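Report on the structure given below.
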Amino acid sequence: MSAAGTVLAPPPARGERLSLFAVLAALYMAQAIPSYLIAAALPPIMREAGISRAAIGYLSLLFLPLVLKFLWAPLIDRVRPFARAHRAGWVIVTQVGVIGCILAMLPLGPTNVPGIIGVGFLASLLISTQDIATDGYAVKRLRPEDRAVGNAIQGGSVALGVVVGGTLSLVLYHHVGWAGMLLTAAAFSLAPLAAAFFMREGEPAPAAAPRPSIRAFLRRPEVRTILWVALTYRVSEGLVKAMEGPYLVDAGVPLDRIGYLSGVSAMTAGLAGSGIAALLVRRYGTAATLGLLGALRTLCFALFTAHALGLVLGLWPLFGAAGFQTLIRYMEIVALYSLFMAVSSTDQPGTDFTILACAQLVVYLVGSLVSGKLADLLGYGALFGLATLLSGLATLATVRMLGVGRAGQAA
């Protein structure tokens with residue numbers, strides 16, 4: 001039975017499963033490439049062009065749709081852009097719009113800050129809307145035993161998007177300039193568009209079907225429990241991640257090594273961590289996996305704390321903690337998203353999943369926003385110590401709310 005009580009279809013054939021995995025990989029790549037073009041490639045390009053750090057900081061406005069997309073998620077669950085293409089229709093419309101936004105930046109150049117923010121905000125709205133449709137499709141199509149695999153595919157696709165949208169774009173800008181970079185990004189974004197035509201969807205929901213809404217989400221007690229998990233499990237992470245780079249600089253780590261840790265290691269951790277997490281979730285369930293990852297995360301934060309307080313010396317322990325923290329972050333996203341899928345209703349899968357995904361993102365971003373101020377007031381040692389304490393408490397609370405005995409049901 002699904003979360004809404006609907007009987008699941010018979011197990012799909014192997015070829016059908018592999019086809020679904022390939023479609024999901026392409027759909028998540030479609031979001032990742034333009035996202036990291038904007039978030040990872042544009043800021044250093046604009047800085048090199050002489051744009052002030054304050055102006056570049058305004059690019060953070062582009063994250064608003066990612067946090068607020070739950071507000072229009074019920075609309076995406078309700079409305080079909082085309083008669084026989086519901087979520088596939090949304091993917092087609094939004095992806096064409098995203099490609100148009102990339103091309104619209106061609107005449108702007110890297111110094112037109114208002115233009116880049118305006119076009120980037122529209123692109124962010126489209127990407128966020130596409131994410132609702134893609135996640136809703138994944139929730140409906142993935143069987144319980146394949147959810148961890150599906151979310152591992154998402155993690156791997158995001159990691160590849162970092163390379164294509166971020167790293168490759170920077171290399172292309174250096175060698176062929178602004179226009180060549182954007183045209184290549186637009187070309188890469190065309191390929192995933194084909195995946196929309198391979199999405200398999202059923203007939204429109206009957207008129208008597210429940211109307212998707214945020215209120216319908218909140219009426220379900222089992223979903224409210226998972227919402228508390230979403231709001232607590234990652235509460236400590238933004239505090240450390242936002243200050244990891246500045247702390248490494250202050251600790252004397254060269255910029256090229258920091259670039260490796262945040263770039264190539266992130267891709268490696270994304271691919272490896274997503275696969276390992278999928279295996280853990282399938283074997284032990286989400287509650288046990290989140291408990292293990294939370295404990296390991298707490299140890300990483302404790303090592304940061306010890307280093308900041310001078311209890312641990314040298315850079316290699318710091319490199320190990322930073323790299324392992326990245327690995328854990330990709331792994332826990334697979335586990336959390338598998339949990340979110342397990343409780344999402346088949347009547348409004350995009351709405352339910354999006355609300356939970358936005359909740360965990362909000363607490364992460366809040367931590368990131370206050371981390372710098374706390375570091376200034378308290379110092380790195382106290383900041384990382386606070387994160388360690390919060391991480392341990394959040395892990396215990398999550399295991400308690402889920403219950404290890406129910407982990408297999410959630411997975």
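Chain identifiers are assigned as A, B, and so on, following the order in which chains appear in the structure tokens; residues are numbered from 1 within each chain, and ligands are numbered from 1 in order of appearance.
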
What lies within 9 Å of Thr94 of chain A using only C-alpha atoms, ignoring chain neighbours under 6 positions off, as a CSV table (one decimal) with all heavy atoms, in the first residue's frame?
chain,number,residue,atom,x,y,z
A,123,ALA,N,15.0,32.0,-14.1
A,123,ALA,CA,15.6,30.7,-14.3
A,123,ALA,C,15.4,29.8,-13.0
A,123,ALA,O,15.0,28.7,-13.0
A,123,ALA,CB,17.0,30.7,-14.7
A,125,LEU,N,13.1,30.2,-10.7
A,125,LEU,CA,11.6,29.9,-10.6
A,125,LEU,C,11.3,28.7,-11.5
A,125,LEU,O,10.6,27.8,-11.0
A,125,LEU,CB,10.8,31.1,-11.0
A,125,LEU,CG,10.6,32.2,-10.0
A,125,LEU,CD1,9.9,33.4,-10.7
A,125,LEU,CD2,9.7,31.7,-8.8
A,126,LEU,N,11.8,28.7,-12.7
A,126,LEU,CA,11.6,27.6,-13.6
A,126,LEU,C,12.2,26.3,-13.1
A,126,LEU,O,11.6,25.2,-13.1
A,126,LEU,CB,12.1,27.9,-15.0
A,126,LEU,CG,11.3,29.1,-15.7
A,126,LEU,CD1,12.1,29.5,-16.9
A,126,LEU,CD2,9.9,28.6,-16.1
A,127,ILE,N,13.4,26.4,-12.6
A,127,ILE,CA,14.1,25.2,-12.1
A,127,ILE,C,13.4,24.6,-10.9
A,127,ILE,O,13.2,23.4,-10.8
A,127,ILE,CB,15.6,25.5,-11.8
A,127,ILE,CG1,16.4,25.8,-13.0
A,127,ILE,CG2,16.2,24.3,-11.0
A,127,ILE,CD1,17.7,26.5,-12.8
A,129,THR,N,10.2,24.9,-10.2
A,129,THR,CA,9.0,24.4,-10.6
A,129,THR,C,9.2,23.0,-11.2
A,129,THR,O,8.4,22.0,-11.0
A,129,THR,CB,8.3,25.3,-11.6
A,129,THR,OG1,8.0,26.6,-11.0
A,129,THR,CG2,6.9,24.7,-12.1
A,130,GLN,N,10.2,22.9,-12.0
A,130,GLN,CA,10.6,21.6,-12.7
A,130,GLN,C,10.9,20.6,-11.6
A,130,GLN,O,10.6,19.4,-11.7
A,130,GLN,CB,11.8,21.8,-13.6
A,130,GLN,CG,12.1,20.5,-14.4
A,130,GLN,CD,13.3,20.7,-15.3
A,130,GLN,OE1,14.3,20.0,-15.3
A,130,GLN,NE2,13.3,21.8,-16.1

With a distance cut-off of 7 Å and only C-alpha atoms, select the neighbouring residues of segment 144-149 of chain A, excluding the residue or stretch itself and same-chain residues fewer than 3 positions from it, and output the selection as a PyMOL selection string. chain A and resi 152-153+278+281-282+334-335+338+411

Please identify the helix (DSSP H, G or I) residues within segment 189-251 of chain A (assignment by DSSP from backbone atoms) and present them as a ChimeraX atom specification. /A:189-198,214-218,221-232,237-250

What lies within 12 Å of segment 69-77 of chain A using only C-alpha atoms, ignoring chain neighbours under 3 positions off, as a VMD selection string? chain A and resid 63 to 66 80 to 81 86 to 91 94 124 to 137 140 204 to 205 209 to 217 345 to 359 361 to 362

Ranking A:Val113, A:Leu172, A:Leu248, A:Val163 by minimum distance to Ala54 of chain A and counting only C-alpha atoms, which one comes first?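 Going through A:Val113, A:Leu172, A:Leu248, A:Val163 one by one, the smallest distance to Ala54 of chain A is for A:Val113.
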
In Å, how far is it from atom CA of Thr286 of chain A to atom CA of Glu237 of chain A? 19.0 Å

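Reported to one decimal place, the separation of atom CA of Leu383 of chain A from atom CA of Val240 of chain A is 7.8 Å.
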
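Atom to atom, atom CA of Val235 of chain A and atom CA of Leu378 of chain A stand 18.4 Å apart.
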
Out of A:Leu239, A:Leu62, A:Val79, A:Ala104, which residue has the shortest atom-to-atom distance to Gly120 of chain A when counting only C-alpha atoms?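 Closest to Gly120 of chain A of all the choices is A:Leu62.
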
Give me the residues near Leu293 of chain A as an MDAnalysis selection string, where near means some atom within 7 Å (using only C-alpha atoms) and where sequence neighbours in that chain fewer than 4 positions away do not count. chainID A and resid 289 297 328 332

Residues just named, written with N, CA and C atoms as a tab-separated table (two decimals), in the first residue's frame:
chain	number	residue	atom	x	y	z
A	289	THR	N	19.99	4.26	9.30
A	289	THR	CA	20.97	4.95	8.46
A	289	THR	C	21.15	6.39	8.91
A	297	ARG	N	28.55	12.40	11.57
A	297	ARG	CA	28.58	13.85	11.37
A	297	ARG	C	28.98	14.56	12.65
A	328	ILE	N	29.26	12.47	4.03
A	328	ILE	CA	28.10	12.24	4.88
A	328	ILE	C	26.91	13.06	4.40
A	332	GLU	N	23.27	11.48	3.64
A	332	GLU	CA	22.07	11.73	4.43
A	332	GLU	C	20.94	12.30	3.57

For Phe188 of chain A, find every residue with an atom within 10 Å (counting only C-alpha atoms), except residues of its own chain fewer than 4 positions away, and show them as an mmCIF file with all heavy atoms, in the first residue's frame.
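out.cif was written with the following content:
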data_model
loop_
_atom_site.group_PDB
_atom_site.id
_atom_site.type_symbol
_atom_site.label_atom_id
_atom_site.label_comp_id
_atom_site.auth_asym_id
_atom_site.auth_seq_id
_atom_site.Cartn_x
_atom_site.Cartn_y
_atom_site.Cartn_z
ATOM 1 N N MET A 29 19.761 15.913 -13.903
ATOM 2 C CA MET A 29 20.848 16.631 -14.559
ATOM 3 C C MET A 29 20.343 17.928 -15.180
ATOM 4 O O MET A 29 21.036 18.951 -15.178
ATOM 5 C CB MET A 29 21.473 15.754 -15.645
ATOM 6 C CG MET A 29 22.524 14.781 -15.146
ATOM 7 S SD MET A 29 24.083 15.600 -14.733
ATOM 8 C CE MET A 29 24.665 16.014 -16.379
ATOM 9 N N ALA A 30 19.107 17.891 -15.706
ATOM 10 C CA ALA A 30 18.519 19.077 -16.325
ATOM 11 C C ALA A 30 18.430 20.231 -15.335
ATOM 12 O O ALA A 30 18.590 21.400 -15.699
ATOM 13 C CB ALA A 30 17.125 18.744 -16.868
ATOM 14 N N ILE A 33 22.592 21.351 -14.017
ATOM 15 C CA ILE A 33 23.507 22.092 -14.886
ATOM 16 C C ILE A 33 23.264 23.605 -14.797
ATOM 17 O O ILE A 33 24.187 24.375 -14.491
ATOM 18 C CB ILE A 33 23.418 21.591 -16.331
ATOM 19 C CG1 ILE A 33 23.991 20.179 -16.424
ATOM 20 C CG2 ILE A 33 24.172 22.528 -17.281
ATOM 21 C CD1 ILE A 33 23.786 19.515 -17.768
ATOM 22 N N PRO A 34 22.038 24.093 -15.054
ATOM 23 C CA PRO A 34 21.840 25.557 -14.942
ATOM 24 C C PRO A 34 21.954 26.066 -13.518
ATOM 25 O O PRO A 34 22.372 27.206 -13.294
ATOM 26 C CB PRO A 34 20.424 25.768 -15.503
ATOM 27 C CG PRO A 34 19.750 24.453 -15.349
ATOM 28 C CD PRO A 34 20.814 23.416 -15.522
ATOM 29 N N ILE A 99 16.456 27.050 -20.833
ATOM 30 C CA ILE A 99 17.383 27.224 -21.957
ATOM 31 C C ILE A 99 17.269 28.642 -22.514
ATOM 32 O O ILE A 99 18.269 29.290 -22.842
ATOM 33 C CB ILE A 99 17.098 26.177 -23.053
ATOM 34 C CG1 ILE A 99 17.414 24.769 -22.523
ATOM 35 C CG2 ILE A 99 17.914 26.458 -24.312
ATOM 36 C CD1 ILE A 99 16.969 23.651 -23.439
ATOM 37 N N VAL A 164 29.683 19.870 -14.704
ATOM 38 C CA VAL A 164 29.311 20.447 -16.001
ATOM 39 C C VAL A 164 28.922 21.916 -15.856
ATOM 40 O O VAL A 164 29.416 22.793 -16.581
ATOM 41 C CB VAL A 164 28.163 19.644 -16.640
ATOM 42 C CG1 VAL A 164 27.710 20.308 -17.944
ATOM 43 C CG2 VAL A 164 28.592 18.213 -16.903
ATOM 44 N N GLY A 165 28.003 22.201 -14.926
ATOM 45 C CA GLY A 165 27.514 23.562 -14.784
ATOM 46 C C GLY A 165 28.493 24.497 -14.103
ATOM 47 O O GLY A 165 28.541 25.691 -14.417
ATOM 48 N N LEU A 182 28.098 30.061 -22.339
ATOM 49 C CA LEU A 182 26.635 29.986 -22.259
ATOM 50 C C LEU A 182 26.054 29.101 -23.353
ATOM 51 O O LEU A 182 25.103 28.343 -23.104
ATOM 52 C CB LEU A 182 26.043 31.392 -22.339
ATOM 53 C CG LEU A 182 26.317 32.310 -21.146
ATOM 54 C CD1 LEU A 182 25.741 33.691 -21.387
ATOM 55 C CD2 LEU A 182 25.739 31.715 -19.859
ATOM 56 N N LEU A 183 26.587 29.175 -24.556
ATOM 57 C CA LEU A 183 26.084 28.330 -25.640
ATOM 58 C C LEU A 183 26.322 26.858 -25.338
ATOM 59 O O LEU A 183 25.477 26.002 -25.630
ATOM 60 C CB LEU A 183 26.753 28.717 -26.961
ATOM 61 C CG LEU A 183 26.319 30.063 -27.556
ATOM 62 C CD1 LEU A 183 27.176 30.415 -28.761
ATOM 63 C CD2 LEU A 183 24.839 30.031 -27.946
ATOM 64 N N THR A 184 27.461 26.550 -24.721
ATOM 65 C CA THR A 184 27.742 25.158 -24.351
ATOM 66 C C THR A 184 26.789 24.696 -23.253
ATOM 67 O O THR A 184 26.263 23.569 -23.303
ATOM 68 C CB THR A 184 29.197 25.015 -23.873
ATOM 69 O OG1 THR A 184 30.079 25.462 -24.905
ATOM 70 C CG2 THR A 184 29.510 23.560 -23.533
ATOM 71 N N PRO A 192 18.952 16.687 -21.719
ATOM 72 C CA PRO A 192 17.996 16.143 -20.747
ATOM 73 C C PRO A 192 16.536 16.404 -21.121
ATOM 74 O O PRO A 192 15.643 15.714 -20.622
ATOM 75 C CB PRO A 192 18.359 16.873 -19.445
ATOM 76 C CG PRO A 192 19.753 17.360 -19.643
ATOM 77 C CD PRO A 192 19.850 17.662 -21.102
ATOM 78 N N LEU A 193 16.299 17.391 -21.984
ATOM 79 C CA LEU A 193 14.930 17.687 -22.402
ATOM 80 C C LEU A 193 14.293 16.473 -23.063
ATOM 81 O O LEU A 193 13.076 16.255 -22.948
ATOM 82 C CB LEU A 193 14.932 18.881 -23.360
ATOM 83 C CG LEU A 193 13.580 19.379 -23.874
ATOM 84 C CD1 LEU A 193 12.708 19.843 -22.713
ATOM 85 C CD2 LEU A 193 13.795 20.532 -24.854
#

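Using only C-alpha atoms, the contacts of Arg47 of chain A at a cut-off of 10 Å, with sequence neighbours closer than 5 positions omitted, comprise Leu42, Ser52, Arg53, Ala55, Ile56, Pro110 and Thr111 of chain A.
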